[in-house]
>>> print(open('run04.txt').read())   # compact mmCIF, C-alpha atoms
# COMPACT_ATOMS: atom_id res chain seq x y z
CA MET F 83 -152.69 37.37 109.57
CA PHE F 84 -149.54 37.87 111.61
CA ARG F 85 -150.15 38.56 115.32
CA SER F 86 -147.32 40.30 117.14
CA TRP F 87 -145.98 41.38 120.52
CA ALA F 88 -142.58 42.32 122.00
CA ALA F 89 -140.39 40.02 124.09
CA ASP F 90 -136.92 41.53 124.52
CA ARG F 91 -134.94 39.77 127.25
CA THR F 92 -131.32 38.92 127.88
CA ASP F 93 -130.32 35.86 129.93
CA HIS F 94 -127.11 33.94 130.62
CA TRP F 95 -126.98 30.22 129.73
CA PRO F 96 -125.05 28.76 131.47
CA ASP F 97 -124.79 31.10 134.47
CA ASP F 98 -121.11 31.85 133.96
CA GLY F 99 -121.16 31.87 130.15
CA GLU F 100 -121.40 34.57 127.52
CA PRO F 101 -124.63 36.62 127.32
CA MET F 102 -127.29 34.92 125.25
CA LYS F 103 -130.32 36.87 124.11
CA ARG F 104 -133.55 35.06 124.83
CA ILE F 105 -135.98 35.31 121.93
CA ASP F 106 -138.91 33.05 122.83
CA ALA F 107 -139.88 30.06 124.97
CA SER F 108 -142.30 27.14 124.95
CA PRO F 109 -143.04 24.22 127.32
CA GLU F 110 -143.23 21.87 124.30
CA GLY F 111 -140.15 23.06 122.42
CA ILE F 112 -138.90 25.21 119.55
CA PHE F 113 -137.46 23.78 116.34
CA ASP F 114 -137.11 24.18 112.54
CA VAL F 115 -135.04 27.31 113.23
CA SER F 116 -133.89 29.41 110.25
CA TRP F 117 -132.71 32.98 109.56
CA SER F 118 -133.94 35.64 107.16
CA PRO F 119 -131.49 36.50 104.33
CA ASP F 120 -130.64 39.83 106.00
CA GLY F 121 -129.97 38.23 109.41
CA ARG F 122 -132.56 40.38 111.24
CA TRP F 123 -135.33 37.80 111.75
CA LEU F 124 -135.69 34.19 112.84
CA ALA F 125 -138.40 31.76 111.71
CA TYR F 126 -139.25 28.74 113.83
CA VAL F 127 -141.96 26.36 115.02
CA ARG F 128 -143.12 26.91 118.60
CA GLY F 129 -144.89 24.25 120.60
CA GLY F 130 -145.09 21.72 117.81
CA THR F 131 -147.41 23.42 115.30
CA GLU F 132 -147.25 27.24 115.57
CA VAL F 133 -144.98 29.04 113.11
CA CYS F 134 -143.51 32.31 114.39
CA ILE F 135 -141.01 34.88 113.20
CA ALA F 136 -139.02 37.05 115.62
CA ASN F 137 -136.97 40.21 115.18
CA VAL F 138 -133.60 39.48 116.78
CA GLU F 139 -132.90 43.18 117.42
CA THR F 140 -136.22 44.37 118.88
CA GLY F 141 -137.63 41.13 120.30
CA GLU F 142 -140.90 41.52 118.37
CA ILE F 143 -142.61 38.18 117.71
CA ARG F 144 -145.20 37.62 114.99
CA VAL F 145 -147.37 34.52 114.89
CA VAL F 146 -147.77 33.31 111.31
CA GLY F 147 -150.14 30.44 112.07
CA PRO F 148 -150.04 26.64 111.95
CA GLY F 149 -147.36 24.93 109.89
CA ALA F 150 -143.87 23.48 109.78
CA TYR F 151 -140.46 24.04 108.14
CA PRO F 152 -140.70 27.85 107.78
CA ASN F 153 -138.35 29.77 105.44
CA LEU F 154 -138.06 33.57 105.33
CA THR F 155 -137.56 35.22 101.96
CA SER F 156 -135.97 38.59 101.16
CA ASP F 157 -139.42 40.25 100.96
CA MET F 158 -140.31 38.89 104.44
CA SER F 159 -142.80 36.33 103.20
CA VAL F 160 -142.77 32.94 104.91
CA VAL F 161 -142.67 29.72 102.88
CA LEU F 162 -143.95 26.82 104.95
CA GLU F 163 -145.74 23.48 105.02
CA ARG F 164 -149.39 23.49 106.08
CA ASP F 165 -152.09 20.83 105.65
CA ASP F 166 -149.92 18.79 103.26
CA GLN F 167 -149.41 21.83 100.99
CA ILE F 168 -146.63 24.37 100.48
CA LEU F 169 -147.74 27.96 101.10
CA ARG F 170 -146.23 31.42 100.88
CA VAL F 171 -147.61 33.66 103.65
CA GLN F 172 -147.20 37.44 103.74
CA GLY F 173 -149.19 39.66 106.07
CA ALA F 174 -152.86 38.69 105.85
CA GLY F 175 -152.48 36.79 102.57
CA ALA F 176 -151.47 33.22 101.76
CA GLN F 177 -150.52 31.92 98.31
CA THR F 178 -150.51 28.19 97.55
CA LEU F 179 -147.23 27.33 95.86
CA VAL F 180 -147.87 23.58 95.61
CA SER F 181 -151.24 22.07 96.57
CA THR F 182 -152.03 18.43 97.31
CA ASP F 183 -153.24 18.23 93.69
CA GLY F 184 -150.13 19.94 92.33
CA ILE F 185 -147.33 17.97 90.57
CA VAL F 186 -148.96 14.60 91.38
CA ARG F 187 -152.66 14.71 92.23
CA GLY F 188 -153.67 13.79 95.77
CA THR F 189 -150.15 13.57 97.23
CA PRO F 190 -148.94 15.28 100.45
CA LYS F 191 -146.20 17.93 100.06
CA HIS F 192 -143.67 18.44 102.84
CA ALA F 193 -140.51 20.17 104.09
CA PRO F 194 -140.00 23.16 101.75
CA LEU F 195 -136.50 24.60 101.49
CA VAL F 196 -135.93 27.90 99.65
CA SER F 197 -132.73 28.15 97.58
CA PRO F 198 -130.08 30.74 98.58
CA ASP F 199 -130.91 32.90 95.53
CA GLY F 200 -134.59 32.89 96.51
CA ALA F 201 -135.74 31.54 93.15
CA LEU F 202 -136.63 27.90 93.91
CA VAL F 203 -138.27 25.74 96.56
CA LEU F 204 -137.16 22.16 97.12
CA LEU F 205 -139.83 19.89 98.63
CA HIS F 206 -140.82 16.29 99.29
CA VAL F 207 -143.76 14.61 97.54
CA SER F 208 -145.08 11.58 99.42
CA ASN F 209 -146.96 8.47 98.33
CA VAL F 210 -146.44 8.75 94.57
CA PHE F 211 -147.60 5.73 92.58
CA ASP F 212 -144.57 4.30 90.76
CA LYS F 213 -145.17 1.83 87.91
CA TRP F 214 -141.53 0.69 87.93
CA SER F 215 -141.78 -0.38 91.56
CA GLN F 216 -145.09 -2.13 90.94
CA ALA F 217 -143.58 -4.06 88.02
CA ARG F 218 -140.87 -5.40 90.34
CA ASN F 219 -143.45 -6.56 92.91
CA ALA F 220 -142.11 -3.88 95.25
CA TYR F 221 -144.09 -1.34 97.28
CA PRO F 222 -145.76 0.67 94.47
CA TYR F 223 -145.92 3.99 96.34
CA ARG F 224 -142.70 5.97 96.71
CA HIS F 225 -141.53 9.36 97.96
CA PHE F 226 -139.88 11.76 95.53
CA MET F 227 -138.34 15.22 95.52
CA ALA F 228 -139.71 18.15 93.55
CA ILE F 229 -138.66 21.71 92.73
CA ALA F 230 -141.05 24.64 92.48
CA PRO F 231 -140.29 28.22 91.39
CA LEU F 232 -141.10 31.06 93.76
CA GLY F 233 -141.99 33.19 90.73
CA ALA F 234 -143.53 32.22 87.42
CA GLY F 235 -143.37 28.62 86.24
CA LYS F 236 -144.64 25.16 87.12
CA PRO F 237 -143.29 22.81 89.81
CA VAL F 238 -141.68 19.60 88.54
CA LEU F 239 -141.12 16.17 90.04
CA THR F 240 -137.52 14.97 89.89
CA ALA F 241 -136.43 11.35 89.48
CA GLU F 242 -134.72 11.55 92.88
CA GLN F 243 -136.37 9.33 95.48
CA TRP F 244 -136.46 10.36 99.12
CA TYR F 245 -136.44 8.18 102.22
CA GLY F 246 -136.90 10.55 105.13
CA GLY F 247 -133.76 12.70 105.43
CA SER F 248 -133.39 16.47 105.38
CA THR F 249 -132.06 18.55 102.48
CA VAL F 250 -129.56 21.39 102.00
CA TRP F 251 -128.88 23.67 99.03
CA PHE F 252 -125.40 24.45 97.74
CA PRO F 253 -124.56 28.19 97.98
CA ASP F 254 -124.85 28.68 94.20
CA SER F 255 -128.42 27.24 94.15
CA ARG F 256 -127.39 24.95 91.29
CA ARG F 257 -127.49 21.70 93.26
CA PHE F 258 -128.64 20.28 96.59
CA ALA F 259 -127.73 17.44 98.92
CA HIS F 260 -130.00 15.18 100.95
CA TYR F 261 -129.51 12.11 103.09
CA GLU F 262 -131.49 8.95 103.61
CA PHE F 263 -131.30 5.93 105.86
CA ASP F 264 -132.79 2.56 104.98
CA SER F 265 -132.19 -1.06 105.91
CA THR F 266 -130.43 -1.94 102.64
CA GLY F 267 -128.17 1.02 101.88
CA GLY F 268 -127.61 2.45 105.35
CA ALA F 269 -126.82 6.13 105.81
CA ARG F 270 -126.22 7.81 102.44
CA ILE F 271 -125.87 11.37 101.17
CA HIS F 272 -126.81 12.22 97.59
CA VAL F 273 -125.81 15.27 95.55
CA VAL F 274 -128.38 16.27 92.93
CA SER F 275 -128.47 19.11 90.39
CA ALA F 276 -131.31 21.68 90.42
CA GLU F 277 -132.55 19.91 87.26
CA GLY F 278 -132.91 16.69 89.26
CA VAL F 279 -129.83 14.86 87.90
CA HIS F 280 -128.06 12.64 90.43
CA GLN F 281 -124.36 13.61 90.70
CA GLY F 282 -122.87 11.51 93.49
CA THR F 283 -123.37 9.43 96.64
CA MET F 284 -121.38 9.19 99.88
CA ALA F 285 -121.91 7.79 103.39
CA GLY F 286 -123.29 9.88 106.24
CA LEU F 287 -126.18 11.77 107.81
CA PHE F 288 -127.21 15.44 108.12
CA PRO F 289 -125.04 16.99 105.37
CA SER F 290 -123.87 20.61 105.41
CA VAL F 291 -122.18 22.43 102.51
CA SER F 292 -119.17 24.76 102.94
CA PRO F 293 -119.47 28.42 101.84
CA ASP F 294 -117.40 27.76 98.69
CA GLY F 295 -119.51 24.71 97.80
CA ALA F 296 -116.44 22.48 97.58
CA ARG F 297 -116.95 20.43 100.77
CA ILE F 298 -119.68 18.57 102.60
CA ALA F 299 -119.52 17.95 106.35
CA ALA F 300 -121.69 15.20 107.81
CA LYS F 301 -122.30 13.08 110.89
CA PRO F 302 -121.61 9.34 110.69
CA ARG F 303 -124.33 6.98 111.84
CA GLY F 304 -122.72 6.19 115.20
CA GLY F 305 -121.45 9.70 115.94
CA GLY F 306 -118.05 10.45 117.44
CA ASN F 307 -116.64 12.01 114.27
CA VAL F 308 -117.13 14.66 111.63
CA VAL F 309 -116.82 13.34 108.08
CA VAL F 310 -115.69 15.88 105.48
CA TYR F 311 -115.96 15.20 101.75
CA SER F 312 -114.01 17.43 99.36
CA SER F 313 -114.78 17.65 95.65
CA ARG F 314 -111.94 17.70 93.12
CA GLY F 315 -114.17 18.91 90.31
CA SER F 316 -117.32 16.79 90.59
CA TRP F 317 -119.18 14.74 93.20
CA ALA F 318 -118.62 11.40 91.47
CA ASN F 319 -116.93 8.88 93.78
CA GLU F 320 -113.54 9.03 92.07
CA GLU F 321 -113.48 12.84 92.37
CA VAL F 322 -114.18 13.01 96.12
CA GLU F 323 -111.64 12.94 98.96
CA THR F 324 -112.74 11.78 102.41
CA ALA F 325 -111.44 12.90 105.83
CA VAL F 326 -112.71 11.54 109.16
CA LEU F 327 -112.11 13.91 112.09
CA LYS F 328 -112.51 12.49 115.61
CA LEU F 329 -114.39 14.32 118.36
CA PRO F 330 -113.08 14.18 121.95
CA GLU F 331 -116.40 13.04 123.45
CA SER F 332 -119.49 11.29 122.12
CA THR F 333 -122.66 9.75 123.52
CA GLY F 334 -123.52 8.09 120.21
CA ARG F 335 -126.88 9.90 120.24
CA LEU F 336 -127.25 12.34 117.36
CA SER F 337 -129.40 15.42 116.99
CA ALA F 338 -130.81 16.24 113.55
CA THR F 339 -128.90 19.54 113.47
CA PRO F 340 -126.25 19.34 110.72
CA PRO F 341 -122.66 20.54 111.27
CA MET F 342 -122.29 24.26 110.51
CA TRP F 343 -119.45 25.88 108.56
CA LEU F 344 -118.04 29.07 110.11
CA ASP F 345 -115.87 29.39 107.00
CA ASN F 346 -114.29 26.95 104.55
CA ARG F 347 -112.10 25.52 107.30
CA LEU F 348 -113.94 25.62 110.66
CA VAL F 349 -116.97 23.44 111.42
CA VAL F 350 -119.27 23.68 114.47
CA ILE F 351 -120.97 20.47 115.60
CA ASP F 352 -122.97 19.32 118.64
CA GLU F 353 -121.92 16.02 120.17
CA GLY F 354 -121.71 14.55 123.66
CA ASP F 355 -123.96 17.32 125.04
CA LYS F 356 -121.32 19.88 124.07
CA MET F 357 -120.51 22.15 121.16
CA TRP F 358 -117.25 21.66 119.27
CA ARG F 359 -115.37 23.72 116.72
CA VAL F 360 -113.35 21.52 114.38
CA ASP F 361 -110.42 22.78 112.31
CA ILE F 362 -110.48 20.45 109.31
CA LYS F 363 -106.93 21.42 108.28
CA LYS F 364 -105.39 20.55 111.65
CA ASP F 365 -107.82 17.75 112.61
CA LYS F 366 -108.36 19.54 115.91
CA ALA F 367 -111.58 19.91 117.94
CA GLU F 368 -112.03 22.59 120.61
CA GLU F 369 -115.00 22.91 122.94
CA MET F 370 -117.00 26.14 122.52
CA HIS F 371 -117.69 26.91 126.18
CA GLN F 372 -119.97 29.89 125.45
CA LEU F 373 -122.48 27.65 123.66
CA PRO F 374 -124.70 25.06 125.32
CA ALA F 375 -125.54 22.10 123.13
CA PRO F 376 -128.94 22.36 121.45
CA THR F 377 -131.77 20.07 122.48
CA LEU F 378 -131.46 16.53 121.15
CA ARG F 379 -134.31 16.21 118.64
CA GLY F 380 -135.17 14.72 115.28
CA ARG F 381 -135.68 18.24 113.86
CA HIS F 382 -133.30 21.19 113.44
CA THR F 383 -132.87 23.13 116.67
CA MET F 384 -129.93 25.35 115.69
CA ALA F 385 -129.08 27.72 112.82
CA LEU F 386 -126.09 29.88 111.88
CA SER F 387 -126.78 33.47 110.80
CA PRO F 388 -126.05 34.54 107.19
CA GLU F 389 -122.92 36.47 108.20
CA ARG F 390 -121.79 33.42 110.25
CA GLU F 391 -121.28 35.44 113.43
CA ARG F 392 -124.31 34.37 115.51
CA ILE F 393 -126.02 31.09 116.36
CA ALA F 394 -129.71 30.70 117.20
CA LEU F 395 -130.56 27.56 119.15
CA GLU F 396 -133.11 25.88 121.40
CA VAL F 397 -131.94 25.01 124.92
CA ALA F 398 -133.64 23.40 127.90
CA VAL F 399 -134.74 25.78 130.68
CA ASP F 400 -136.87 25.39 133.80
CA GLY F 401 -140.40 24.61 132.71
CA GLY F 402 -139.59 23.89 129.07
CA PHE F 403 -137.38 25.20 126.28
CA ALA F 404 -136.13 28.57 125.08
CA LEU F 405 -134.84 29.99 121.80
CA GLY F 406 -131.75 32.16 122.18
CA VAL F 407 -129.13 33.91 120.07
CA VAL F 408 -125.46 34.13 120.98
CA LYS F 409 -122.60 35.94 119.26
CA LEU F 410 -119.59 33.82 118.38
CA CYS F 411 -116.18 34.87 119.67
>>> encode(input="run04.txt", output="structure tokens")
Amino acid sequence: MFRSWAADRTDHWPDDGEPMKRIDASPEGIFDVSWSPDGRWLAYVRGGTEVCIANVETGEIRVVGPGAYPNLTSDMSVVLERDDQILRVQGAGAQTLVSTDGIVRGTPKHAPLVSPDGALVLLHVSNVFDKWSQARNAYPYRHFMAIAPLGAGKPVLTAEQWYGGSTVWFPDSRRFAHYEFDSTGGARIHVVSAEGVHQGTMAGLFPSVSPDGARIAAKPRGGGNVVVYSSRGSWANEEVETAVLKLPESTGRLSATPPMWLDNRLVVIDEGDKMWRVDIKKDKAEEMHQLPAPTLRGRHTMALSPERERIALEVAVDGGFALGVVKLC
């Protein structure tokens, strides 16, 4: 059952910057930040294991319970990972969408991601026995991706293997992108249809899809740039144009927060402990002084609102970390 209280505060971070509304705080941190479809609520993980949702307007906070990777749906249910299963929680009730015995018996299920149209959930299925790998004297247990309906229907395992990276849906919910990093192939982004058909591969980490679905922005392995891939009809290699846009400053240390598209031309990215807005048409990066850089983590600590006018992010404060929301100029 959701537990709730009110926490409506307004702070300034940094002291001379634009007002930033403080939503919540935790000594251990706040991550896996996402917005509700209507832009009124935030979902996030507080302190490592506690999933919460917060009303951005009133400051009300509801504790959903233990879990990770929360997604808010249009009916205010929360899709999340808990105990190696994918659940849908609403009020006092919890529905199991994919259990450890679902799809492939006895396998952990992780990192759900609800499609923009609210019809599907993309997830990771770990430690699946793979006869093809065993026949090649390779490690016989692999990690795959699966898709489950939020309504009627059965979840299905795709042929797409997964090696640890995050995923992102295209705006039309007809395909998704994910990245992986391994010792043989390096940093790679894959585009896959909602039916599980592989459509293209490109280099990079932490992909983000433009509002029109025609471009992918990503971080290169060593940082210092934004890489933008543009499709000329498909995501096959010969149909993709590549642009590398240099950032003014870089530490070479990357957060797991993907670049964010303000529109089909402007990209926001954290790098060098600062926030930058990159105009991909002019190859120009400008520092966004009203935004502190989010905390450097291996999980998402920043999210752009559905109307692309506000950013929610975790920042370091005295005694721990805080989740705040700031309006973009």
>>> residues_around(input="run04.txt", residues="F:Leu162", least_positions_apart="5", cutoff="6 Å", atoms="all atoms listed in the file", output="list in words")
Ala150, Tyr151, Pro152, Ile168 and Leu169 of chain F
>>> closest_residue(input="run04.txt", among="F:Met357, F:Leu232, F:Val127, F:Leu287", to="F:Pro330", atoms="only C-alpha atoms")
F:Met357
>>> atom_distance(input="run04.txt", atom1="atom CA of F:Val309", atom2="atom CA of F:Glu368")
16.3 Å
>>> atom_distance(input="run04.txt", atom1="atom CA of F:Leu154", atom2="atom CA of F:Tyr311")
29.0 Å
>>> residues_around(input="run04.txt", residues="F:Ile105", least_positions_apart="4", cutoff="12 Å", atoms="all atoms listed in the file", output="NGL selection string")
:F and (87-93 or 112 or 115 or 123-126 or 128 or 134-144 or 394-397 or 403-408)
>>> closest_residue(input="run04.txt", among="F:Ser197, F:Ser313, F:Gln243, F:Ser387", to="F:Ser255", atoms="all atoms listed in the file")
F:Ser197
>>> closest_residue(input="run04.txt", among="F:Trp343, F:Phe288, F:Phe258, F:Trp251", to="F:His382", atoms="all atoms listed in the file")
F:Phe288
>>> closest_residue(input="run04.txt", among="F:His206, F:Lys103, F:His371, F:Arg297", to="F:Lys356", atoms="all atoms listed in the file")
F:His371
>>> atom_distance(input="run04.txt", atom1="atom CA of F:Trp117", atom2="atom CA of F:Pro388")
7.2 Å
>>> closest_residue(input="run04.txt", among="F:Pro190, F:Pro289, F:Gly268, F:Gly173", to="F:Val308", atoms="only C-alpha atoms")
F:Pro289
>>> closest_residue(input="run04.txt", among="F:Asp355, F:Asp114, F:Asp183, F:Asp106", to="F:Thr383", atoms="all atoms listed in the file")
F:Asp114
>>> build_atoms(input="run04.txt", residues="stretch 138-151 of chain F", atoms="N, CA and C atoms", output="PDB file, in the coordinates of the input")
ATOM      1  N   VAL F 138    -134.683  39.724 115.834  1.00  0.00           N
ATOM      2  CA  VAL F 138    -133.600  39.480 116.780  1.00  0.00           C
ATOM      3  C   VAL F 138    -133.187  40.763 117.495  1.00  0.00           C
ATOM      4  N   GLU F 139    -133.328  41.900 116.834  1.00  0.00           N
ATOM      5  CA  GLU F 139    -132.900  43.180 117.420  1.00  0.00           C
ATOM      6  C   GLU F 139    -133.917  43.733 118.401  1.00  0.00           C
ATOM      7  N   THR F 140    -135.194  43.744 118.047  1.00  0.00           N
ATOM      8  CA  THR F 140    -136.220  44.370 118.880  1.00  0.00           C
ATOM      9  C   THR F 140    -136.933  43.404 119.807  1.00  0.00           C
ATOM     10  N   GLY F 141    -136.896  42.103 119.518  1.00  0.00           N
ATOM     11  CA  GLY F 141    -137.630  41.130 120.300  1.00  0.00           C
ATOM     12  C   GLY F 141    -139.069  40.940 119.874  1.00  0.00           C
ATOM     13  N   GLU F 142    -139.526  41.667 118.847  1.00  0.00           N
ATOM     14  CA  GLU F 142    -140.900  41.520 118.370  1.00  0.00           C
ATOM     15  C   GLU F 142    -141.117  40.115 117.819  1.00  0.00           C
ATOM     16  N   ILE F 143    -142.248  39.516 118.189  1.00  0.00           N
ATOM     17  CA  ILE F 143    -142.610  38.180 117.710  1.00  0.00           C
ATOM     18  C   ILE F 143    -143.931  38.259 116.961  1.00  0.00           C
ATOM     19  N   ARG F 144    -143.976  37.671 115.775  1.00  0.00           N
ATOM     20  CA  ARG F 144    -145.200  37.620 114.990  1.00  0.00           C
ATOM     21  C   ARG F 144    -145.602  36.157 114.795  1.00  0.00           C
ATOM     22  N   VAL F 145    -146.840  35.868 115.084  1.00  0.00           N
ATOM     23  CA  VAL F 145    -147.370  34.520 114.890  1.00  0.00           C
ATOM     24  C   VAL F 145    -147.918  34.404 113.474  1.00  0.00           C
ATOM     25  N   VAL F 146    -147.365  33.497 112.703  1.00  0.00           N
ATOM     26  CA  VAL F 146    -147.770  33.310 111.310  1.00  0.00           C
ATOM     27  C   VAL F 146    -148.981  32.397 111.202  1.00  0.00           C
ATOM     28  N   GLY F 147    -149.042  31.393 112.095  1.00  0.00           N
ATOM     29  CA  GLY F 147    -150.140  30.440 112.070  1.00  0.00           C
ATOM     30  C   GLY F 147    -149.625  29.021 112.099  1.00  0.00           C
ATOM     31  N   PRO F 148    -150.490  28.035 111.918  1.00  0.00           N
ATOM     32  CA  PRO F 148    -150.040  26.640 111.950  1.00  0.00           C
ATOM     33  C   PRO F 148    -149.137  26.312 110.767  1.00  0.00           C
ATOM     34  N   GLY F 149    -148.241  25.346 110.975  1.00  0.00           N
ATOM     35  CA  GLY F 149    -147.360  24.930 109.890  1.00  0.00           C
ATOM     36  C   GLY F 149    -146.079  24.321 110.396  1.00  0.00           C
ATOM     37  N   ALA F 150    -145.160  24.079 109.463  1.00  0.00           N
ATOM     38  CA  ALA F 150    -143.870  23.480 109.780  1.00  0.00           C
ATOM     39  C   ALA F 150    -142.847  23.906 108.730  1.00  0.00           C
ATOM     40  N   TYR F 151    -141.574  23.766 109.049  1.00  0.00           N
ATOM     41  CA  TYR F 151    -140.460  24.040 108.140  1.00  0.00           C
ATOM     42  C   TYR F 151    -140.528  25.443 107.526  1.00  0.00           C
TER      43      TYR F 151
END
